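Below you'll find the structure, written out as structure tokens, and then a few comments.
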Amino acid sequence: MDFQVVVLAGGTTKKLVPLVSKEVPKALLPVANRPVLSYVLEQLELSNLKDLIVVVEGQDAALLVGAWISGAYVDRLHVEVAAVPEDVGTAGALRAIAHHLTAKDILVVTGDLVSDVPPGAVAAAHRRHDAVVTTMLCSAPVGGPAESGSSAGKDKIKKPRRYNIIGLDPAKQFLLHIATGAEVEKDIRIQKSILRAVGQMEIRTDLMDAHMYAFKRSVLQKILEEKDNFQSLKQDVLPYLVRSQLRSEMLLNGVSQAEEKGNVKVGSQDNHVVVSQILANASTQSFHELYASGHNGSASVRRIHKCCAYIASNNKYCARLNSIQAFSDINRDVIGEANHLSGYSFSTCNNIIHPSAQLGSKTTVGPHCMLGEGSQMGDKCSVKRSVIGRHCRIGSNVKVVNSVIMNHVTIGDGCSIQGSVICSNVHLQERVGLKDCQVGAGFVVTAGCEYKGESLARKEK
């Protein structure tokens, strides 16, 4: 399959501070004690998509990511790591490496995606429809993480999610309308000209844009060159392509500019279920069918381009590590209901305790837990629904619940940790209490201190 893959791995985004740092960029954040980037790379390898450009924001972060890839995927993938400036956006990152793109089609995927949807299936659908773009959509998790970065404590009561407003043809193959809505309490407005063009459309608010896109290279490069103000694939490039496919059809129909500016109001309904609006006569041909061989049978009419959607089945797992809450949720899922993604074999107790780990007397590690290589726990400790990294030193009478503890962490006797993320090389002295907190790498929490809903980190020099 003549596809070139670009993985947008990010850098040290502020949304994930204090989890990310100069030493640990976003791509190397651990999910079940593996870098999050490994989940995308292994899915690509399984789909035999092995010619990759991994784009990292910032030179230092690129060196760290490149060093890890060289060790983990030597002789498995052909990977070029490219550094781009920070905060250029997804379209800006692609624009910076556009001269490296040579294949007929380009698969672009975010490096923070944890999913079991085969990227090869998206690529195959793109080729089957001869589309200019194909986007992967999956079911939005009910009550799932908000897109904005926030702590576990602040998100304990879930905030309203940001939805995608997506218009599909009845066969759910073609992408006819896309917009980002906030809360979707407001009415959805759709241009009259779009309805005139497509004849019928199903409006969906229960689907999540997974940030996996297949593009026709020639079209993508032309847009990036001509639209130098475009910064985001989701907010700029994709909507532009969707609008232009409809605009081509409108011009063929002779729709006036005045008509094009009109709006139809579609009242919002319960947005936690599928919202369907059949617009116009159900027997009307889709515009792709109507113009495949020319308008009114004329072969002289230019065939318009297609924007397609690949909708993952409901039983597939799909989540993005794009907030602190999502980091905690995904770690919990990958050692829980989605443990097939972890790459590990779980014990009969439904947990993973590395053979080199040591447990003290009367210490219990419950189901949906992971204890990493070389870690040691003292007596009378309890671990529930948590991930503990490698080479940690944990004292006696320590309780860990719904938390992620990274590598080389030292925890004193009598500590209690709930709903928190503890980064590498942290030292919690005796009797520390943490609830819904994040502790940045190398931080020392003084004995007897208690924190709730706090972000604790050293000041960057």
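Residues in the structure tokens are numbered from 1 in each chain, the chains being A, B, ... in the order shown, and ligands are numbered from 1 in the order shown.
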
Item to complete: For His427 of chain A, list every protein, DNA or RNA residue within 12 Å, evaluated using only C-alpha atoms, and leave out those in the same chain fewer than 3 positions away; present the list as an MDAnalysis selection string.
Response: chainID A and resid 392:395 405:413 415 422:424 430:432 439:447 456:457

**Request:** Find, counting only C-alpha atoms, the residue in A:Asp116, A:Gly414, A:Lys306, A:Val17 that gets nearest to Val242 of chain A.
**Result:**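 Among the listed residues, the smallest separation from Val242 of chain A belongs to A:Lys306.
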
Counting only C-alpha atoms, the residue among A:Asn33, A:Ser38, A:Thr90, A:Ser21 that lies closest to Glu373 of chain A is A:Asn33

If you run DSSP over the backbone, which residues in segment 292-369 of chain A end up strand (DSSP E)? Put them as a PDB file with N, CA, C and O atoms, in the first residue's frame.
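Final file, selection00.pdb:
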ATOM      1  N   CYS A 307     -15.034  13.652   0.446  1.00  0.00           N
ATOM      2  CA  CYS A 307     -14.551  13.616   1.817  1.00  0.00           C
ATOM      3  C   CYS A 307     -15.280  12.477   2.512  1.00  0.00           C
ATOM      4  O   CYS A 307     -16.516  12.453   2.542  1.00  0.00           O
ATOM      5  N   CYS A 308     -14.534  11.534   3.032  1.00  0.00           N
ATOM      6  CA  CYS A 308     -15.128  10.315   3.558  1.00  0.00           C
ATOM      7  C   CYS A 308     -14.902  10.175   5.053  1.00  0.00           C
ATOM      8  O   CYS A 308     -14.036  10.832   5.639  1.00  0.00           O
ATOM      9  N   ALA A 309     -15.706   9.309   5.659  1.00  0.00           N
ATOM     10  CA  ALA A 309     -15.584   9.011   7.086  1.00  0.00           C
ATOM     11  C   ALA A 309     -15.440   7.510   7.263  1.00  0.00           C
ATOM     12  O   ALA A 309     -16.121   6.734   6.593  1.00  0.00           O
ATOM     13  N   TYR A 310     -14.540   7.119   8.153  1.00  0.00           N
ATOM     14  CA  TYR A 310     -14.448   5.730   8.582  1.00  0.00           C
ATOM     15  C   TYR A 310     -14.911   5.696  10.035  1.00  0.00           C
ATOM     16  O   TYR A 310     -14.284   6.303  10.903  1.00  0.00           O
ATOM     17  N   ILE A 311     -16.040   5.036  10.275  1.00  0.00           N
ATOM     18  CA  ILE A 311     -16.612   4.991  11.621  1.00  0.00           C
ATOM     19  C   ILE A 311     -16.250   3.665  12.274  1.00  0.00           C
ATOM     20  O   ILE A 311     -16.630   2.590  11.796  1.00  0.00           O
ATOM     21  N   CYS A 318     -11.039   3.658  21.829  1.00  0.00           N
ATOM     22  CA  CYS A 318     -10.445   4.810  21.161  1.00  0.00           C
ATOM     23  C   CYS A 318     -10.439   5.987  22.131  1.00  0.00           C
ATOM     24  O   CYS A 318     -11.504   6.428  22.575  1.00  0.00           O
ATOM     25  N   ALA A 319      -9.257   6.459  22.481  1.00  0.00           N
ATOM     26  CA  ALA A 319      -9.151   7.598  23.396  1.00  0.00           C
ATOM     27  C   ALA A 319      -7.867   8.358  23.102  1.00  0.00           C
ATOM     28  O   ALA A 319      -6.883   7.778  22.632  1.00  0.00           O
ATOM     29  N   ARG A 320      -7.885   9.643  23.399  1.00  0.00           N
ATOM     30  CA  ARG A 320      -6.703  10.486  23.197  1.00  0.00           C
ATOM     31  C   ARG A 320      -6.190  10.989  24.533  1.00  0.00           C
ATOM     32  O   ARG A 320      -6.964  11.467  25.369  1.00  0.00           O
ATOM     33  N   ILE A 352      -1.033  -7.387  37.100  1.00  0.00           N
ATOM     34  CA  ILE A 352       0.312  -7.687  36.620  1.00  0.00           C
ATOM     35  C   ILE A 352       1.308  -7.285  37.705  1.00  0.00           C
ATOM     36  O   ILE A 352       1.406  -6.102  38.057  1.00  0.00           O
ATOM     37  N   ILE A 353       2.001  -8.253  38.253  1.00  0.00           N
ATOM     38  CA  ILE A 353       3.072  -8.002  39.216  1.00  0.00           C
ATOM     39  C   ILE A 353       4.355  -8.563  38.612  1.00  0.00           C
ATOM     40  O   ILE A 353       4.457  -9.768  38.376  1.00  0.00           O
ATOM     41  N   GLN A 358       8.849  -6.975  44.706  1.00  0.00           N
ATOM     42  CA  GLN A 358       8.812  -7.588  46.038  1.00  0.00           C
ATOM     43  C   GLN A 358       7.679  -6.996  46.862  1.00  0.00           C
ATOM     44  O   GLN A 358       7.538  -5.775  46.945  1.00  0.00           O
ATOM     45  N   LEU A 359       6.896  -7.881  47.497  1.00  0.00           N
ATOM     46  CA  LEU A 359       5.773  -7.463  48.331  1.00  0.00           C
ATOM     47  C   LEU A 359       6.025  -7.859  49.777  1.00  0.00           C
ATOM     48  O   LEU A 359       6.457  -8.982  50.059  1.00  0.00           O
ATOM     49  N   THR A 364      -1.445  -6.245  49.759  1.00  0.00           N
ATOM     50  CA  THR A 364      -2.354  -6.735  48.717  1.00  0.00           C
ATOM     51  C   THR A 364      -2.311  -5.824  47.495  1.00  0.00           C
ATOM     52  O   THR A 364      -2.309  -4.589  47.624  1.00  0.00           O
ATOM     53  N   VAL A 365      -2.270  -6.442  46.321  1.00  0.00           N
ATOM     54  CA  VAL A 365      -2.367  -5.734  45.043  1.00  0.00           C
ATOM     55  C   VAL A 365      -3.615  -6.272  44.351  1.00  0.00           C
ATOM     56  O   VAL A 365      -3.667  -7.436  43.959  1.00  0.00           O
TER      57      VAL A 365
END

Practice item. Compile the contact shell of Ile330 of chain A as a list in words: residues with an atom at most 9 Å away, counting only C-alpha atoms, same-chain residues fewer than 5 positions apart removed. Key: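 So, after excluding close chain neighbours, the residues are Val31, Ala32, Val114, Ala319, Arg320, Leu321, Gln325, Ile335 and Ala338 of chain A.
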
Extract, using only C-alpha atoms, all DNA, RNA and protein residues at most 7 Å from Ala214 of chain A, discarding same-chain residues fewer than 6 positions from it, and format them as a compact mmCIF listing (two decimals) with all heavy atoms, in the first residue's frame.
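And here is the file that came out, around-v1.txt:
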# COMPACT_ATOMS: atom_id res chain seq x y z
N ASP A 105 -0.58 8.92 -1.17
CA ASP A 105 -1.50 9.21 -0.06
C ASP A 105 -0.72 9.28 1.25
O ASP A 105 0.29 8.58 1.43
CB ASP A 105 -2.58 8.13 0.05
CG ASP A 105 -3.52 8.14 -1.15
OD1 ASP A 105 -4.25 9.13 -1.31
OD2 ASP A 105 -3.51 7.15 -1.91
N ILE A 106 -1.22 10.11 2.16
CA ILE A 106 -0.57 10.35 3.44
C ILE A 106 -1.55 10.02 4.56
O ILE A 106 -2.69 10.49 4.55
CB ILE A 106 -0.13 11.83 3.58
CG1 ILE A 106 0.67 12.28 2.36
CG2 ILE A 106 0.66 12.03 4.87
CD1 ILE A 106 1.96 11.53 2.14
N LEU A 107 -1.11 9.20 5.50
CA LEU A 107 -1.91 8.93 6.70
C LEU A 107 -1.33 9.74 7.85
O LEU A 107 -0.15 9.59 8.19
CB LEU A 107 -1.89 7.44 7.04
CG LEU A 107 -2.78 7.01 8.22
CD1 LEU A 107 -4.26 7.13 7.84
CD2 LEU A 107 -2.46 5.58 8.66
N VAL A 108 -2.14 10.62 8.42
CA VAL A 108 -1.70 11.47 9.53
C VAL A 108 -2.42 11.01 10.78
O VAL A 108 -3.65 10.90 10.81
CB VAL A 108 -2.02 12.95 9.25
CG1 VAL A 108 -1.53 13.82 10.40
CG2 VAL A 108 -1.41 13.40 7.94
N ALA A 123 -6.93 3.52 5.91
CA ALA A 123 -6.22 3.69 4.63
C ALA A 123 -6.95 2.97 3.50
O ALA A 123 -7.08 3.50 2.39
CB ALA A 123 -4.80 3.15 4.76
N HIS A 126 -10.07 4.86 2.44
CA HIS A 126 -9.67 6.03 1.68
C HIS A 126 -9.41 5.67 0.22
O HIS A 126 -9.89 6.36 -0.70
CB HIS A 126 -8.40 6.61 2.32
CG HIS A 126 -7.86 7.83 1.66
ND1 HIS A 126 -8.47 9.06 1.76
CD2 HIS A 126 -6.77 8.00 0.86
CE1 HIS A 126 -7.77 9.95 1.08
NE2 HIS A 126 -6.74 9.34 0.52
N VAL A 133 -9.85 13.14 1.37
CA VAL A 133 -9.58 12.99 2.80
C VAL A 133 -10.55 11.97 3.38
O VAL A 133 -11.71 11.89 2.96
CB VAL A 133 -9.71 14.34 3.56
CG1 VAL A 133 -11.13 14.88 3.51
CG2 VAL A 133 -9.25 14.19 5.00
N THR A 134 -10.05 11.16 4.29
CA THR A 134 -10.88 10.24 5.06
C THR A 134 -10.52 10.42 6.52
O THR A 134 -9.35 10.37 6.89
CB THR A 134 -10.64 8.78 4.65
OG1 THR A 134 -10.93 8.64 3.25
CG2 THR A 134 -11.52 7.82 5.45
N THR A 135 -11.53 10.67 7.35
CA THR A 135 -11.28 10.88 8.77
C THR A 135 -11.86 9.73 9.58
O THR A 135 -12.92 9.21 9.24
CB THR A 135 -11.88 12.22 9.24
OG1 THR A 135 -11.57 12.41 10.63
CG2 THR A 135 -13.38 12.27 9.06

Problem - Which of A:Ser356, A:Thr13, A:Gln221, A:Thr180 sits closest to Arg204 of chain A [using only C-alpha atoms] - result: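 Residue with the minimum atom-to-atom distance to Arg204 of chain A: A:Thr180.
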
Neighbours of segment 164-169 of chain A within 6 Å (only C-alpha atoms; same-chain residues fewer than 3 positions away dropped), as a ChimeraX atom specification?
/A:172,174-181,201-205
